[in-house]
Structure formats: structure tokens, C-alpha cells
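Data block below; observations after.
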Amino acid sequence: MHEHGDSAPATPRLVNAHAIKLASYNIHGGVGRDGRCVPRRIVQVLAELNADIVALQEVESGTSGFDMLGYLESGSGLQAIAGPTLLRPDSEYGNGLLIRFPVLSVRRIDLSIKGYEPRGALDVEVDAGGFALRIVATHLGLRPAERREQIQRLLQAFERDRPLTSVLMGDINEWFLWGRPLRWLHRHFKATPARATFPAWCPVFALDRIWAEPRNCLRSFGVHSTPLSRMASDHLPATAELVQP
């Protein structure tokens with residue numbers, strides 16, 4: 001059962017085009033440490049974050065079941081974009097984006113590997129205060145072989161498309177800091193700090209990550225750890241600040 005509660009929209013943030021706050025947050029379907037699905041807690045964490053762009057994973061969307069993404073859109077005051085990867089009879093489930101900026105284009109990248117849970121990425125271009133910014137938000141597979149293939153597909157998408165200031169963020173599900181997928185990502189984007197985000201109540205693993213190109217646009221990496229965020233999901237949000245090149 002979903003415990004919605006009342007949640008007023010977050011206070012609008014004054015956007016500084018020279019400092020864009022990013023966050024990546026696996027919300028675990030709104031199910032917290034206590035085993036309860038309480039969407040209003042996710043809205044409250046979003047208010048704490050006060051980010052301009054949030055990549056969401058494990059979020060429900062659609063109109064036939066409970067539209068978690070729509071609820072978060074209403075509660076946060078940000079525009080929502082759905083990137084479902086699992087289609088169910090009563091809902092859709094997968095990735096989502098919450099964005100404060102005007103959206104210029106939306107594409108969806110299929111990262112599914114036969115025999116495994118379907119995966120994908122949202123590939124969105126926004127007008128970030130006067131410059132074009134590309135955001136790719138994803139949630140990679142649980143198996144190392146899946147992630148290797150998925151990272152190769154993502155890197156091909158970055159390499160073949162026209163150059164823009166670009167961000168890749170999401171739940172990478174890479175438990176090993178020395179694994180090949182991370183080495184490939186660091187080779188393309190250059191290394192970024194690995195901050196532990198999982199499990200939320202005692203984080204050990206840096207599963208939620210943010211990269212950008214050019215690398216010098218990205219700074220102020222962090223993890224949003226508060227009493228509420230440690231309860232609301234099994235992941236903590238990863239954060240970073242992007243500055244205009």
C-alpha cells in the first residue's frame with residue numbers, strides 16, 4: 001500500500017546557469033528501510049536535494065497503476081520524463097528524469113541483453129540557461145557481462161553523436177572499482193570520485209555515479225545523507241555540481 005500523504009511542491013530554486021546541481025537517486029520504488037512504500041518521503045528528499053536535474057531509477061510511471069513519477073513531478077515542481085524498461089499490466093517501471101530546464105529532445109537507448117531484465121537509458125537534451133546540455137540517465141544490469149555490453153553501447157552513443165556538454169549518471173551497479181566497465185568509463189570521461197551510496201543506512205558501495213565531458217565542468221561531488229534519505233530508500237542520492245564550460 002502506498003502512503004502518499006500531503007506534499008506541497010518544493011520551493012522553486014533560483015537557477016544559476018553557471019552552477020547546475022545534479023543528482024542520481026535509486027528510489028527503490030519508494031520502499032524505505034522500514035519496508036513501507038511512502039512516496040512522500042521521496043518528495044521530501046527531493047526537496048532537501050533542491051537539484052536542477054535528478055536521474056531516478058526504480059520508479060513507476062504510467063496511468064493505470066500508481067504513477068510515482070507523476071507524483072514526484074507534482075511534489076517537486078520539476079518536469080518529469082519517463083524511461084520505462086519493464087511494462088506491466090498496471091504500470092511501467094524503470095528510469096525517470098526530473099528537470100528544471102526546458103527540454104529540447106528526448107531519446108531512449110535500449111540496453112537490454114537477451115535473457116536478462118530489460119534495461120535502458122534516457123538521452124535528453126536541455127537548454128540549461130543558454131547552453132545545450134545532454135543528460136544520459138541509466139540503470140545498468142546486475143551481471144558483469146551485462147554491464148560490459150551496456151557500457152560499450154553507451155560509449156558508442158556518446159562517440160557517434162555531435163559534441164555537447166554531456167553528463168552520464170545513474171545506478172551503474174558496478175561493485176568492483178577495478179572492473180572493466182569503470183575503467184572504460186574513466187578512459188572516456190576521465191575519473192570522478194566514487195562516493196559510497198549503498199546501502200543507505202551504512203553505505204559501502206559506490207553504485208550511483210556521475211560523469212561529464214568536458215571533465216572540468218564537473219565538481220563538488222557528494223552523497224546526500226540525512227536521517228530522511230537514510231530511511232526513504234536503500235540508496236542514497238549521489239550529487240555533483242556542473243559549471244558551464
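Numbering starts fresh at 1 for the residues of each chain in the C-alpha cells, the chains themselves are lettered A, B, ... in the order given, and ligands are numbered from 1 as they appear.
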For segment 156-168 of chain A: contacts at 12 Å, only C-alpha atoms, fewer than 5 positions along chain excluded, given as a tab-separated table (two decimals) with N, CA and C atoms, in the first residue's frame:
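Final output, saved to out27.tsv:
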chain	number	residue	atom	x	y	z
A	20	ILE	N	24.95	24.18	-11.94
A	20	ILE	CA	23.77	23.33	-12.06
A	20	ILE	C	23.94	22.14	-11.13
A	21	LYS	N	22.98	21.94	-10.25
A	21	LYS	CA	23.07	20.82	-9.31
A	21	LYS	C	22.45	19.57	-9.91
A	22	LEU	N	23.24	18.50	-9.92
A	22	LEU	CA	22.82	17.20	-10.45
A	22	LEU	C	22.67	16.21	-9.31
A	23	ALA	N	21.77	15.26	-9.49
A	23	ALA	CA	21.63	14.17	-8.52
A	23	ALA	C	21.19	12.90	-9.24
A	24	SER	N	21.65	11.77	-8.75
A	24	SER	CA	21.20	10.47	-9.22
A	24	SER	C	20.68	9.70	-8.02
A	53	ILE	N	18.53	18.85	-11.90
A	53	ILE	CA	18.30	17.65	-12.72
A	53	ILE	C	18.51	16.43	-11.83
A	54	VAL	N	17.52	15.55	-11.79
A	54	VAL	CA	17.61	14.33	-10.98
A	54	VAL	C	17.35	13.13	-11.87
A	55	ALA	N	18.30	12.21	-11.92
A	55	ALA	CA	18.10	10.92	-12.59
A	55	ALA	C	17.53	9.96	-11.55
A	107	ARG	N	15.38	11.01	-26.32
A	107	ARG	CA	15.58	9.72	-26.97
A	107	ARG	C	15.70	8.64	-25.89
A	108	ARG	N	15.42	7.43	-26.29
A	108	ARG	CA	15.56	6.31	-25.36
A	108	ARG	C	16.48	5.27	-25.99
A	109	ILE	N	17.50	4.88	-25.24
A	109	ILE	CA	18.50	3.92	-25.71
A	109	ILE	C	18.18	2.55	-25.11
A	110	ASP	N	18.05	1.55	-25.95
A	110	ASP	CA	17.78	0.19	-25.49
A	110	ASP	C	19.10	-0.47	-25.09
A	111	LEU	N	19.20	-0.85	-23.83
A	111	LEU	CA	20.40	-1.52	-23.31
A	111	LEU	C	20.11	-2.97	-22.91
A	121	ALA	N	18.33	3.54	-21.22
A	121	ALA	CA	18.82	4.84	-20.80
A	121	ALA	C	17.96	5.92	-21.43
A	122	LEU	N	17.76	6.99	-20.69
A	122	LEU	CA	17.14	8.20	-21.21
A	122	LEU	C	18.24	9.12	-21.72
A	123	ASP	N	18.08	9.64	-22.92
A	123	ASP	CA	19.06	10.52	-23.56
A	123	ASP	C	18.34	11.82	-23.89
A	124	VAL	N	18.57	12.85	-23.07
A	124	VAL	CA	17.75	14.07	-23.12
A	124	VAL	C	18.66	15.29	-23.29
A	125	GLU	N	18.26	16.18	-24.17
A	125	GLU	CA	18.98	17.44	-24.34
A	125	GLU	C	18.10	18.56	-23.77
A	126	VAL	N	18.74	19.44	-22.98
A	126	VAL	CA	18.01	20.55	-22.37
A	126	VAL	C	18.73	21.86	-22.66
A	127	ASP	N	17.96	22.93	-22.54
A	127	ASP	CA	18.52	24.28	-22.62
A	127	ASP	C	18.83	24.71	-21.19
A	128	ALA	N	20.09	24.57	-20.81
A	128	ALA	CA	20.49	24.81	-19.43
A	128	ALA	C	20.95	26.26	-19.25
A	131	PHE	N	22.82	27.27	-22.74
A	131	PHE	CA	23.69	26.36	-23.47
A	131	PHE	C	23.07	24.97	-23.48
A	132	ALA	N	23.33	24.23	-24.54
A	132	ALA	CA	22.75	22.90	-24.70
A	132	ALA	C	23.51	21.90	-23.82
A	133	LEU	N	22.76	21.13	-23.07
A	133	LEU	CA	23.32	20.13	-22.16
A	133	LEU	C	22.65	18.80	-22.43
A	134	ARG	N	23.46	17.77	-22.58
A	134	ARG	CA	22.95	16.42	-22.82
A	134	ARG	C	23.05	15.61	-21.53
A	135	ILE	N	21.95	14.98	-21.15
A	135	ILE	CA	21.89	14.14	-19.96
A	135	ILE	C	21.53	12.73	-20.38
A	136	VAL	N	22.36	11.77	-20.02
A	136	VAL	CA	22.04	10.36	-20.24
A	136	VAL	C	21.92	9.71	-18.85
A	137	ALA	N	20.73	9.18	-18.57
A	137	ALA	CA	20.42	8.60	-17.26
A	137	ALA	C	20.10	7.13	-17.43
A	138	THR	N	20.72	6.28	-16.60
A	138	THR	CA	20.59	4.85	-16.82
A	138	THR	C	20.61	4.07	-15.52
A	139	HIS	N	20.29	2.78	-15.64
A	139	HIS	CA	20.38	1.81	-14.55
A	139	HIS	C	20.85	0.51	-15.19
A	149	GLU	N	28.61	-5.04	-21.86
A	149	GLU	CA	27.94	-4.77	-23.14
A	149	GLU	C	27.19	-3.44	-23.08
A	150	GLN	N	26.54	-3.16	-21.97
A	150	GLN	CA	25.77	-1.92	-21.85
A	150	GLN	C	26.67	-0.69	-21.87
A	151	ILE	N	27.81	-0.76	-21.21
A	151	ILE	CA	28.73	0.38	-21.23
A	151	ILE	C	29.26	0.61	-22.63
A	184	TRP	N	36.66	1.65	-18.56
A	184	TRP	CA	36.24	2.20	-19.86
A	184	TRP	C	35.61	3.58	-19.67
A	185	LEU	N	34.77	3.71	-18.65
A	185	LEU	CA	34.13	4.99	-18.41
A	185	LEU	C	35.15	6.06	-18.04
A	186	HIS	N	36.10	5.71	-17.21
A	186	HIS	CA	37.13	6.67	-16.83
A	186	HIS	C	38.01	7.05	-18.02
A	188	HIS	N	37.00	7.28	-21.09
A	188	HIS	CA	36.24	8.20	-21.94
A	188	HIS	C	36.01	9.55	-21.26
A	189	PHE	N	35.53	9.52	-20.01
A	189	PHE	CA	35.13	10.74	-19.33
A	189	PHE	C	36.20	11.33	-18.42
A	192	THR	N	36.12	10.23	-11.95
A	192	THR	CA	35.39	11.06	-11.00
A	192	THR	C	35.37	10.33	-9.65
A	208	ASP	N	26.11	4.46	-7.39
A	208	ASP	CA	25.45	5.59	-8.06
A	208	ASP	C	26.51	6.62	-8.41
A	209	ARG	N	26.63	6.93	-9.73
A	209	ARG	CA	27.79	7.69	-10.19
A	209	ARG	C	27.38	8.79	-11.17
A	210	ILE	N	28.28	9.76	-11.31
A	210	ILE	CA	28.07	10.89	-12.22
A	210	ILE	C	29.38	11.19	-12.93
A	211	TRP	N	29.33	11.26	-14.28
A	211	TRP	CA	30.46	11.66	-15.11
A	211	TRP	C	30.03	12.79	-16.03
A	212	ALA	N	31.00	13.53	-16.56
A	212	ALA	CA	30.68	14.57	-17.54
A	212	ALA	C	31.86	14.78	-18.47
A	213	GLU	N	31.53	15.28	-19.65
A	213	GLU	CA	32.56	15.78	-20.56
A	213	GLU	C	32.13	17.14	-21.08
A	214	PRO	N	33.02	18.12	-21.08
A	214	PRO	CA	34.40	18.09	-20.59
A	214	PRO	C	34.44	17.84	-19.07
A	215	ARG	N	35.48	17.12	-18.62
A	215	ARG	CA	35.59	16.73	-17.22
A	215	ARG	C	35.68	17.94	-16.29
A	216	ASN	N	36.29	19.03	-16.75
A	216	ASN	CA	36.47	20.18	-15.86
A	216	ASN	C	35.17	20.93	-15.58
A	217	CYS	N	34.06	20.52	-16.22
A	217	CYS	CA	32.75	21.11	-15.91
A	217	CYS	C	32.17	20.57	-14.61
A	218	LEU	N	32.68	19.44	-14.15
A	218	LEU	CA	32.05	18.72	-13.05
A	218	LEU	C	32.88	18.87	-11.78
A	240	ALA	N	26.41	16.15	-7.63
A	240	ALA	CA	27.57	16.85	-8.19
A	240	ALA	C	27.09	18.20	-8.69
A	241	GLU	N	28.04	19.09	-8.93
A	241	GLU	CA	27.75	20.41	-9.48
A	241	GLU	C	28.39	20.52	-10.85
A	242	LEU	N	27.61	21.01	-11.80
A	242	LEU	CA	28.10	21.21	-13.17
A	242	LEU	C	28.21	22.71	-13.43
A	243	VAL	N	29.34	23.13	-13.97
A	243	VAL	CA	29.50	24.53	-14.33
A	243	VAL	C	29.64	24.65	-15.83
A	244	GLN	N	29.20	25.77	-16.36
A	244	GLN	CA	29.22	25.97	-17.81
A	244	GLN	C	30.66	26.02	-18.31
A	245	PRO	N	30.96	25.31	-19.43
A	245	PRO	CA	32.33	25.32	-19.94
A	245	PRO	C	32.71	26.69	-20.49
Exercise for review: From a DSSP pass on the backbone, collect the residues of segment 7-186 of chain A flagged as strand (DSSP E) and hand them back as a ChimeraX atom specification.
Suggested key: /A:20-26,53-61,79-87,92-99,103-110,120-127,132-139,165-171
Review point. Can you tell me, as a PyMOL selection string, what residues are no more than 12 Å from His224 of chain A when counting only C-alpha atoms, ignoring any on the same chain fewer than 5 positions away?
Key: chain A and resi 22-25+45-51+195-198+200-201+203+208+229-230+232+235-240
Using N, CA and C atoms, can you export the residues from the last selection as a compact mmCIF listing (two decimals), in the first residue's frame?
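Okay, again.txt is ready:
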# COMPACT_ATOMS: atom_id res chain seq x y z
N LEU A 22 23.24 18.50 -9.92
CA LEU A 22 22.82 17.20 -10.45
C LEU A 22 22.67 16.21 -9.31
N ALA A 23 21.77 15.26 -9.49
CA ALA A 23 21.63 14.17 -8.52
C ALA A 23 21.19 12.90 -9.24
N SER A 24 21.65 11.77 -8.75
CA SER A 24 21.20 10.47 -9.22
C SER A 24 20.68 9.70 -8.02
N TYR A 25 19.45 9.18 -8.14
CA TYR A 25 18.77 8.63 -6.97
C TYR A 25 17.98 7.38 -7.36
N VAL A 45 12.88 14.09 0.27
CA VAL A 45 14.31 14.01 -0.04
C VAL A 45 14.63 14.90 -1.24
N LEU A 46 13.76 14.90 -2.25
CA LEU A 46 13.97 15.77 -3.40
C LEU A 46 14.00 17.24 -2.97
N ALA A 47 13.14 17.60 -2.03
CA ALA A 47 13.15 18.98 -1.53
C ALA A 47 14.46 19.29 -0.82
N GLU A 48 14.97 18.33 -0.07
CA GLU A 48 16.27 18.51 0.58
C GLU A 48 17.38 18.70 -0.46
N LEU A 49 17.33 17.91 -1.52
CA LEU A 49 18.35 17.98 -2.56
C LEU A 49 18.31 19.33 -3.28
N ASN A 50 17.10 19.76 -3.63
CA ASN A 50 16.89 21.00 -4.37
C ASN A 50 17.78 21.04 -5.62
N ALA A 51 17.80 19.93 -6.35
CA ALA A 51 18.64 19.80 -7.54
C ALA A 51 17.90 20.31 -8.78
N ARG A 195 31.84 7.88 -4.44
CA ARG A 195 31.29 8.04 -3.09
C ARG A 195 30.29 6.93 -2.81
N ALA A 196 30.43 6.28 -1.67
CA ALA A 196 29.56 5.15 -1.33
C ALA A 196 28.12 5.62 -1.11
N THR A 197 27.18 4.94 -1.76
CA THR A 197 25.76 5.29 -1.69
C THR A 197 24.87 4.13 -1.25
N PHE A 198 25.42 2.92 -1.14
CA PHE A 198 24.59 1.73 -0.88
C PHE A 198 25.31 0.82 0.12
N ALA A 200 21.87 2.48 2.06
CA ALA A 200 21.70 3.85 2.52
C ALA A 200 22.04 4.03 4.00
N TRP A 201 21.72 3.03 4.83
CA TRP A 201 21.89 3.19 6.27
C TRP A 201 23.35 2.98 6.71
N PRO A 203 26.49 3.06 4.06
CA PRO A 203 26.98 2.91 2.68
C PRO A 203 28.40 2.38 2.59
N ASP A 208 26.11 4.46 -7.39
CA ASP A 208 25.45 5.59 -8.06
C ASP A 208 26.51 6.62 -8.41
N SER A 229 16.89 10.65 4.12
CA SER A 229 17.39 9.90 2.96
C SER A 229 17.88 8.51 3.36
N ARG A 230 18.34 8.38 4.59
CA ARG A 230 18.79 7.05 5.04
C ARG A 230 17.62 6.11 5.29
N ALA A 232 14.39 6.62 3.42
CA ALA A 232 13.41 6.66 2.33
C ALA A 232 13.65 5.60 1.26
N HIS A 235 19.15 3.28 -1.38
CA HIS A 235 20.28 4.02 -1.92
C HIS A 235 20.23 5.46 -1.41
N LEU A 236 21.39 6.07 -1.24
CA LEU A 236 21.49 7.50 -1.03
C LEU A 236 21.68 8.19 -2.38
N PRO A 237 21.19 9.42 -2.53
CA PRO A 237 21.44 10.14 -3.77
C PRO A 237 22.91 10.56 -3.89
N ALA A 238 23.45 10.37 -5.09
CA ALA A 238 24.76 10.92 -5.44
C ALA A 238 24.55 12.30 -6.04
N THR A 239 25.43 13.25 -5.71
CA THR A 239 25.26 14.62 -6.18
C THR A 239 26.56 15.15 -6.79
N ALA A 240 26.41 16.15 -7.63
CA ALA A 240 27.57 16.85 -8.19
C ALA A 240 27.09 18.20 -8.69
Review point. Quick one: distance from atom CA of Ile113 of chain A to atom CA of Arg187 of chain A in Å, one decimal?
Key: 23.7 Å
Review point. Can you list, as a PyMOL selection string, every protein, DNA or RNA residue that comes within 6 Å of Pro84 of chain A when you count only C-alpha atoms, leaving out same-chain residues fewer than 2 positions away?
Key: chain A and resi 82+86+92-95
Check your understanding: Could you pull out the helix (DSSP H, G or I) residues of segment 112-214 of chain A from DSSP and send them as a PyMOL selection string?
Key -> chain A and resi 144-160+180-189
Keeping only C-alpha atoms, take the residues you just selected and write them out as a PDB file, in the first residue's frame.
ATOM      1  CA  PRO A 144      29.184  -8.223 -15.109  1.00  0.00           C
ATOM      2  CA  ALA A 145      28.668  -9.446 -18.685  1.00  0.00           C
ATOM      3  CA  GLU A 146      25.539  -7.294 -18.991  1.00  0.00           C
ATOM      4  CA  ARG A 147      27.323  -4.185 -17.761  1.00  0.00           C
ATOM      5  CA  ARG A 148      30.255  -4.649 -20.111  1.00  0.00           C
ATOM      6  CA  GLU A 149      27.943  -4.772 -23.139  1.00  0.00           C
ATOM      7  CA  GLN A 150      25.768  -1.924 -21.846  1.00  0.00           C
ATOM      8  CA  ILE A 151      28.732   0.381 -21.226  1.00  0.00           C
ATOM      9  CA  GLN A 152      30.032  -0.289 -24.730  1.00  0.00           C
ATOM     10  CA  ARG A 153      26.633   0.674 -26.206  1.00  0.00           C
ATOM     11  CA  LEU A 154      26.502   3.857 -24.125  1.00  0.00           C
ATOM     12  CA  LEU A 155      30.021   4.884 -25.082  1.00  0.00           C
ATOM     13  CA  GLN A 156      29.232   4.296 -28.746  1.00  0.00           C
ATOM     14  CA  ALA A 157      26.247   6.643 -28.390  1.00  0.00           C
ATOM     15  CA  PHE A 158      28.459   9.338 -26.884  1.00  0.00           C
ATOM     16  CA  GLU A 159      31.170   8.912 -29.502  1.00  0.00           C
ATOM     17  CA  ARG A 160      28.943   8.998 -32.584  1.00  0.00           C
ATOM     18  CA  ARG A 180      36.439  -3.116 -16.841  1.00  0.00           C
ATOM     19  CA  PRO A 181      33.223  -1.048 -17.164  1.00  0.00           C
ATOM     20  CA  LEU A 182      34.575   1.601 -14.799  1.00  0.00           C
ATOM     21  CA  ARG A 183      37.972   1.592 -16.499  1.00  0.00           C
ATOM     22  CA  TRP A 184      36.245   2.202 -19.859  1.00  0.00           C
ATOM     23  CA  LEU A 185      34.125   4.992 -18.409  1.00  0.00           C
ATOM     24  CA  HIS A 186      37.129   6.672 -16.832  1.00  0.00           C
ATOM     25  CA  ARG A 187      39.040   6.407 -20.089  1.00  0.00           C
ATOM     26  CA  HIS A 188      36.240   8.205 -21.943  1.00  0.00           C
ATOM     27  CA  PHE A 189      35.127  10.743 -19.329  1.00  0.00           C
TER      28      PHE A 189
END
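Look at Leu140 of chain A: the protein and nucleic acid residues within 7 Å of it, using only C-alpha atoms and passing over chain neighbours fewer than 6 places away, are Arg119, Arg147, Asp171, Ile172 and Asn173 of chain A.
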Review point. For Leu98 of chain A, which of A:Ile42, A:Thr226, A:Ser76, A:Glu60 is the closest residue, counting only C-alpha atoms?
Key: A:Ser76
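The closest residue to Leu87 of chain A, picked from A:Gly141, A:Ala191, A:Pro227, A:Glu117 and counting only C-alpha atoms, is A:Glu117.
Separating atom CA of Arg219 of chain A from atom CA of Ile99 of chain A is a distance of 19.3 Å.
Distance check against Asp52 of chain A using only C-alpha atoms: of A:Leu97, A:Cys37, A:Val106, A:Leu72, the minimum falls on A:Leu97.
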Check your understanding: Leaving out His28 of chain A and any residue of its chain fewer than 2 positions from it, which residues lie within 6 Å of it when counting only C-alpha atoms, given as a VMD selection string?
Key -> chain A and resid 26 30 to 31 58 233
Restrict the selected residues to C-alpha atoms and save them as a tab-separated table (two decimals), in the first residue's frame.
chain	number	residue	atom	x	y	z
A	26	ASN	CA	17.63	5.00	-6.96
A	30	GLY	CA	9.55	4.32	-2.80
A	31	VAL	CA	10.11	1.44	-0.37
A	58	GLU	CA	13.31	2.02	-9.98
A	233	SER	CA	15.25	4.20	0.00
Study note, to complete from the structure: Using only C-alpha atoms, the residue out of A:Pro39, A:Gly75, A:Pro118, A:Gly29 with shortest distance to Gly96 of chain A is A:Gly29
